[in-house]
>>> print(open('target.cif').read())   # mmCIF, C-alpha atoms
data_input
loop_
_atom_site.group_PDB
_atom_site.id
_atom_site.type_symbol
_atom_site.label_atom_id
_atom_site.label_comp_id
_atom_site.auth_asym_id
_atom_site.auth_seq_id
_atom_site.Cartn_x
_atom_site.Cartn_y
_atom_site.Cartn_z
ATOM 1 C CA TYR A 1 101.727 -80.979 8.550
ATOM 2 C CA ALA A 2 100.199 -79.345 11.610
ATOM 3 C CA LYS A 3 98.009 -76.321 12.211
ATOM 4 C CA VAL A 4 99.768 -75.342 15.428
ATOM 5 C CA CYS A 5 103.268 -75.860 16.813
ATOM 6 C CA ILE A 6 103.815 -75.177 20.536
ATOM 7 C CA LEU A 7 107.455 -74.780 21.534
ATOM 8 C CA GLY A 8 109.500 -74.344 24.667
ATOM 9 C CA THR A 9 112.988 -72.854 24.742
ATOM 10 C CA ASP A 10 116.199 -72.552 26.712
ATOM 11 C CA GLY A 11 116.637 -68.923 25.679
ATOM 12 C CA MET A 12 114.861 -66.044 23.935
ATOM 13 C CA ASP A 13 116.666 -62.883 22.935
ATOM 14 C CA LEU A 14 115.418 -60.024 20.756
ATOM 15 C CA HIS A 15 118.548 -60.086 18.600
ATOM 16 C CA ARG A 16 119.404 -63.804 18.605
ATOM 17 C CA GLY A 17 115.823 -65.105 18.714
ATOM 18 C CA LEU A 18 114.867 -68.516 20.018
ATOM 19 C CA THR A 19 117.823 -70.676 21.121
ATOM 20 C CA ASP A 20 118.310 -74.120 22.635
ATOM 21 C CA ASN A 21 121.088 -76.058 24.368
ATOM 22 C CA SER A 22 120.326 -79.313 22.521
ATOM 23 C CA TYR A 23 121.032 -79.911 18.828
ATOM 24 C CA GLU A 24 118.272 -82.517 18.739
ATOM 25 C CA ALA A 25 115.672 -80.225 20.288
ATOM 26 C CA ALA A 26 116.691 -77.326 18.011
ATOM 27 C CA ASN A 27 116.418 -79.484 14.889
ATOM 28 C CA ILE A 28 113.034 -80.864 15.919
ATOM 29 C CA ALA A 29 111.761 -77.344 16.654
ATOM 30 C CA LYS A 30 112.958 -76.132 13.234
ATOM 31 C CA LEU A 31 111.207 -79.017 11.479
ATOM 32 C CA LEU A 32 107.976 -78.502 13.424
ATOM 33 C CA MET A 33 108.005 -74.787 12.642
ATOM 34 C CA LYS A 34 108.585 -75.425 8.958
ATOM 35 C CA ARG A 35 105.545 -77.711 8.838
ATOM 36 C CA SER A 36 103.125 -75.675 10.973
ATOM 37 C CA LYS A 37 100.874 -72.753 10.146
ATOM 38 C CA LYS A 38 100.925 -71.147 13.616
ATOM 39 C CA LYS A 39 103.966 -71.053 15.871
ATOM 40 C CA ILE A 40 103.512 -70.513 19.607
ATOM 41 C CA LEU A 41 106.344 -70.160 22.108
ATOM 42 C CA VAL A 42 105.550 -70.827 25.770
ATOM 43 C CA CYS A 43 108.270 -69.665 28.155
ATOM 44 C CA ASP A 44 108.584 -68.010 31.522
ATOM 45 C CA SER A 45 110.248 -64.613 31.770
ATOM 46 C CA SER A 46 113.508 -66.103 33.110
ATOM 47 C CA LYS A 47 114.290 -67.338 29.564
ATOM 48 C CA ILE A 48 113.971 -63.852 28.063
ATOM 49 C CA GLY A 49 117.336 -62.215 27.560
ATOM 50 C CA HIS A 50 119.099 -65.571 27.905
ATOM 51 C CA ILE A 51 121.013 -66.939 24.901
ATOM 52 C CA ALA A 52 121.552 -70.695 24.603
ATOM 53 C CA LEU A 53 124.025 -72.426 22.268
ATOM 54 C CA ILE A 54 122.004 -73.358 19.169
ATOM 55 C CA PRO A 55 119.873 -70.892 17.195
ATOM 56 C CA VAL A 56 116.352 -72.046 16.321
ATOM 57 C CA CYS A 57 114.591 -69.068 14.722
ATOM 58 C CA GLY A 58 114.183 -65.327 14.765
ATOM 59 C CA ILE A 59 111.541 -63.781 16.986
ATOM 60 C CA GLY A 60 109.579 -62.561 13.955
ATOM 61 C CA GLU A 61 109.018 -66.165 12.845
ATOM 62 C CA LEU A 62 106.726 -66.740 15.839
ATOM 63 C CA ASP A 63 103.026 -65.909 15.869
ATOM 64 C CA TYR A 64 102.533 -65.876 19.648
ATOM 65 C CA ILE A 65 104.616 -65.820 22.812
ATOM 66 C CA VAL A 66 102.907 -66.899 26.034
ATOM 67 C CA THR A 67 104.795 -65.839 29.157
ATOM 68 C CA ASP A 68 104.332 -64.609 32.724
ATOM 69 C CA SER A 69 103.773 -61.114 34.092
ATOM 70 C CA GLU A 70 107.471 -60.595 34.907
ATOM 71 C CA VAL A 71 108.318 -60.166 31.208
ATOM 72 C CA PRO A 72 110.162 -56.876 30.548
ATOM 73 C CA LYS A 73 107.967 -54.222 28.898
ATOM 74 C CA ASP A 74 110.604 -53.413 26.286
ATOM 75 C CA PHE A 75 110.650 -57.075 25.221
ATOM 76 C CA VAL A 76 106.863 -57.062 24.756
ATOM 77 C CA GLU A 77 106.986 -53.843 22.732
ATOM 78 C CA LYS A 78 109.794 -55.045 20.475
ATOM 79 C CA ALA A 79 108.186 -58.452 19.954
ATOM 80 C CA GLN A 80 104.908 -56.787 19.005
ATOM 81 C CA ALA A 81 106.796 -54.529 16.587
ATOM 82 C CA GLU A 82 108.020 -57.755 14.920
ATOM 83 C CA GLY A 83 104.397 -58.864 14.464
ATOM 84 C CA VAL A 84 104.338 -61.287 17.397
ATOM 85 C CA GLN A 85 101.353 -61.315 19.741
ATOM 86 C CA VAL A 86 102.510 -61.525 23.371
ATOM 87 C CA LEU A 87 100.041 -63.136 25.760
ATOM 88 C CA ILE A 88 100.723 -62.661 29.478
ATOM 89 C CA ALA A 89 99.428 -65.266 31.919
ATOM 90 C CA HIS A 90 98.466 -63.837 35.298
#
>>> encode(input="target.cif", output="structure tokens")
Amino acid sequence: YAKVCILGTDGMDLHRGLTDNSYEAANIAKLLMKRSKKKILVCDSSKIGHIALIPVCGIGELDYIVTDSEVPKDFVEKAQAEGVQVLIAH
């Protein structure tokens, strides 16, 4: 078991959540999340609004999202409403 799980993604959508194009990567991410206390997604804003093939988790299952300053404001607001802290790197 781990204290922290840091994930990347192929896609992040408010309705579909975290998605990936690889079954292997999606399954590993699911296992890591299941066995970690804190879940952190690191992705640039180009992934937000994109939906990949395989679902990984809902946005509310994450604790933090670290992204860049181009992230849409409505995404930040809706993620925060789900209990996710959004950290913007400048």
>>> atom_distance(input="target.cif", atom1="CA of Asn27 in chain A", atom2="CA of Pro55 in chain A")
9.5 Å
>>> resolve_selection(input="target.cif", expression="the PyMOL selection byres ((chain A and resi 82) around 10)", output="list of chain:residue names")
A:Leu14, A:Gly58, A:Ile59, A:Gly60, A:Glu61, A:Leu62, A:Asp63, A:Val76, A:Glu77, A:Lys78, A:Ala79, A:Gln80, A:Ala81, A:Gly83, A:Val84, A:Gln85
>>> atom_distance(input="target.cif", atom1="CA of Tyr1 in chain A", atom2="CA of Ala29 in chain A")
13.4 Å
>>> closest_residue(input="target.cif", among="A:Ala52, A:Val66, A:Ile40, A:Val4", to="His90 in chain A", atoms="only C-alpha atoms")
A:Val66
>>> axis_aligned_box(input="target.cif", around="range 3-12 of chain A", padding_each_side="3 Å", output="lines of an AutoDock Vina configuration file")
center_x = 107.3
center_y = -71.2
center_z = 19.5
size_x = 24.6
size_y = 16.3
size_z = 20.5
>>> residues_near_point(input="target.cif", point="(112.9, -77.6, 14.8)", cutoff="12 Å", atoms="all atoms listed in the file", output="short mmCIF file (atom, residue, chain, number, x, y, z; two decimals) with C-alpha atoms, keeping the file's coordinate frame")
data_model
loop_
_atom_site.label_atom_id
_atom_site.label_comp_id
_atom_site.auth_asym_id
_atom_site.auth_seq_id
_atom_site.Cartn_x
_atom_site.Cartn_y
_atom_site.Cartn_z
CA CYS A 5 103.27 -75.86 16.81
CA ILE A 6 103.82 -75.18 20.54
CA LEU A 7 107.46 -74.78 21.53
CA GLY A 8 109.50 -74.34 24.67
CA THR A 9 112.99 -72.85 24.74
CA LEU A 18 114.87 -68.52 20.02
CA THR A 19 117.82 -70.68 21.12
CA ASP A 20 118.31 -74.12 22.64
CA SER A 22 120.33 -79.31 22.52
CA TYR A 23 121.03 -79.91 18.83
CA GLU A 24 118.27 -82.52 18.74
CA ALA A 25 115.67 -80.22 20.29
CA ALA A 26 116.69 -77.33 18.01
CA ASN A 27 116.42 -79.48 14.89
CA ILE A 28 113.03 -80.86 15.92
CA ALA A 29 111.76 -77.34 16.65
CA LYS A 30 112.96 -76.13 13.23
CA LEU A 31 111.21 -79.02 11.48
CA LEU A 32 107.98 -78.50 13.42
CA MET A 33 108.00 -74.79 12.64
CA LYS A 34 108.58 -75.42 8.96
CA ARG A 35 105.54 -77.71 8.84
CA SER A 36 103.12 -75.68 10.97
CA LYS A 39 103.97 -71.05 15.87
CA ILE A 54 122.00 -73.36 19.17
CA PRO A 55 119.87 -70.89 17.20
CA VAL A 56 116.35 -72.05 16.32
CA CYS A 57 114.59 -69.07 14.72
#
>>> atom_distance(input="target.cif", atom1="CA of Arg16 in chain A", atom2="CA of Ile48 in chain A")
10.9 Å
>>> closest_residue(input="target.cif", among="A:Ile51, A:Leu41, A:Val71, A:Val86", to="Gly11 in chain A", atoms="all atoms listed in the file")
A:Ile51
>>> build_atoms(input="target.cif", residues="range 55-68 of chain A", atoms="N, CA, C and O atoms", output="mmCIF file, in the frame of the given file")
data_model
loop_
_atom_site.group_PDB
_atom_site.id
_atom_site.type_symbol
_atom_site.label_atom_id
_atom_site.label_comp_id
_atom_site.auth_asym_id
_atom_site.auth_seq_id
_atom_site.Cartn_x
_atom_site.Cartn_y
_atom_site.Cartn_z
ATOM 1 N N PRO A 55 120.983 -71.720 17.673
ATOM 2 C CA PRO A 55 119.873 -70.892 17.195
ATOM 3 C C PRO A 55 118.755 -71.755 16.607
ATOM 4 O O PRO A 55 119.022 -72.763 15.954
ATOM 5 N N VAL A 56 117.516 -71.339 16.857
ATOM 6 C CA VAL A 56 116.352 -72.046 16.321
ATOM 7 C C VAL A 56 115.646 -71.183 15.283
ATOM 8 O O VAL A 56 115.411 -71.615 14.160
ATOM 9 N N CYS A 57 115.281 -69.953 15.656
ATOM 10 C CA CYS A 57 114.591 -69.068 14.722
ATOM 11 C C CYS A 57 114.629 -67.638 15.242
ATOM 12 O O CYS A 57 114.909 -67.402 16.403
ATOM 13 N N GLY A 58 114.317 -66.716 14.375
ATOM 14 C CA GLY A 58 114.183 -65.327 14.765
ATOM 15 C C GLY A 58 112.850 -65.087 15.444
ATOM 16 O O GLY A 58 111.886 -65.834 15.220
ATOM 17 N N ILE A 59 112.777 -64.065 16.246
ATOM 18 C CA ILE A 59 111.541 -63.781 16.986
ATOM 19 C C ILE A 59 110.366 -63.507 16.044
ATOM 20 O O ILE A 59 109.234 -63.886 16.309
ATOM 21 N N GLY A 60 110.631 -62.876 14.910
ATOM 22 C CA GLY A 60 109.579 -62.561 13.955
ATOM 23 C C GLY A 60 108.964 -63.763 13.267
ATOM 24 O O GLY A 60 107.935 -63.650 12.606
ATOM 25 N N GLU A 61 109.566 -64.934 13.431
ATOM 26 C CA GLU A 61 109.018 -66.165 12.845
ATOM 27 C C GLU A 61 107.918 -66.773 13.717
ATOM 28 O O GLU A 61 107.238 -67.704 13.289
ATOM 29 N N LEU A 62 107.761 -66.258 14.934
ATOM 30 C CA LEU A 62 106.726 -66.740 15.839
ATOM 31 C C LEU A 62 105.441 -65.956 15.625
ATOM 32 O O LEU A 62 105.466 -64.797 15.220
ATOM 33 N N ASP A 63 104.321 -66.599 15.919
ATOM 34 C CA ASP A 63 103.026 -65.909 15.869
ATOM 35 C C ASP A 63 102.623 -65.412 17.251
ATOM 36 O O ASP A 63 102.040 -64.332 17.373
ATOM 37 N N TYR A 64 102.919 -66.208 18.272
ATOM 38 C CA TYR A 64 102.533 -65.876 19.648
ATOM 39 C C TYR A 64 103.668 -66.240 20.610
ATOM 40 O O TYR A 64 104.371 -67.221 20.401
ATOM 41 N N ILE A 65 103.784 -65.463 21.665
ATOM 42 C CA ILE A 65 104.616 -65.820 22.812
ATOM 43 C C ILE A 65 103.714 -65.755 24.037
ATOM 44 O O ILE A 65 103.060 -64.738 24.274
ATOM 45 N N VAL A 66 103.665 -66.844 24.787
ATOM 46 C CA VAL A 66 102.907 -66.899 26.034
ATOM 47 C C VAL A 66 103.932 -66.916 27.161
ATOM 48 O O VAL A 66 104.820 -67.780 27.198
ATOM 49 N N THR A 67 103.824 -65.954 28.074
ATOM 50 C CA THR A 67 104.795 -65.839 29.157
ATOM 51 C C THR A 67 104.112 -65.305 30.415
ATOM 52 O O THR A 67 102.901 -65.084 30.424
ATOM 53 N N ASP A 68 104.895 -65.081 31.454
ATOM 54 C CA ASP A 68 104.332 -64.609 32.724
ATOM 55 C C ASP A 68 104.428 -63.089 32.846
ATOM 56 O O ASP A 68 105.022 -62.422 32.004
#
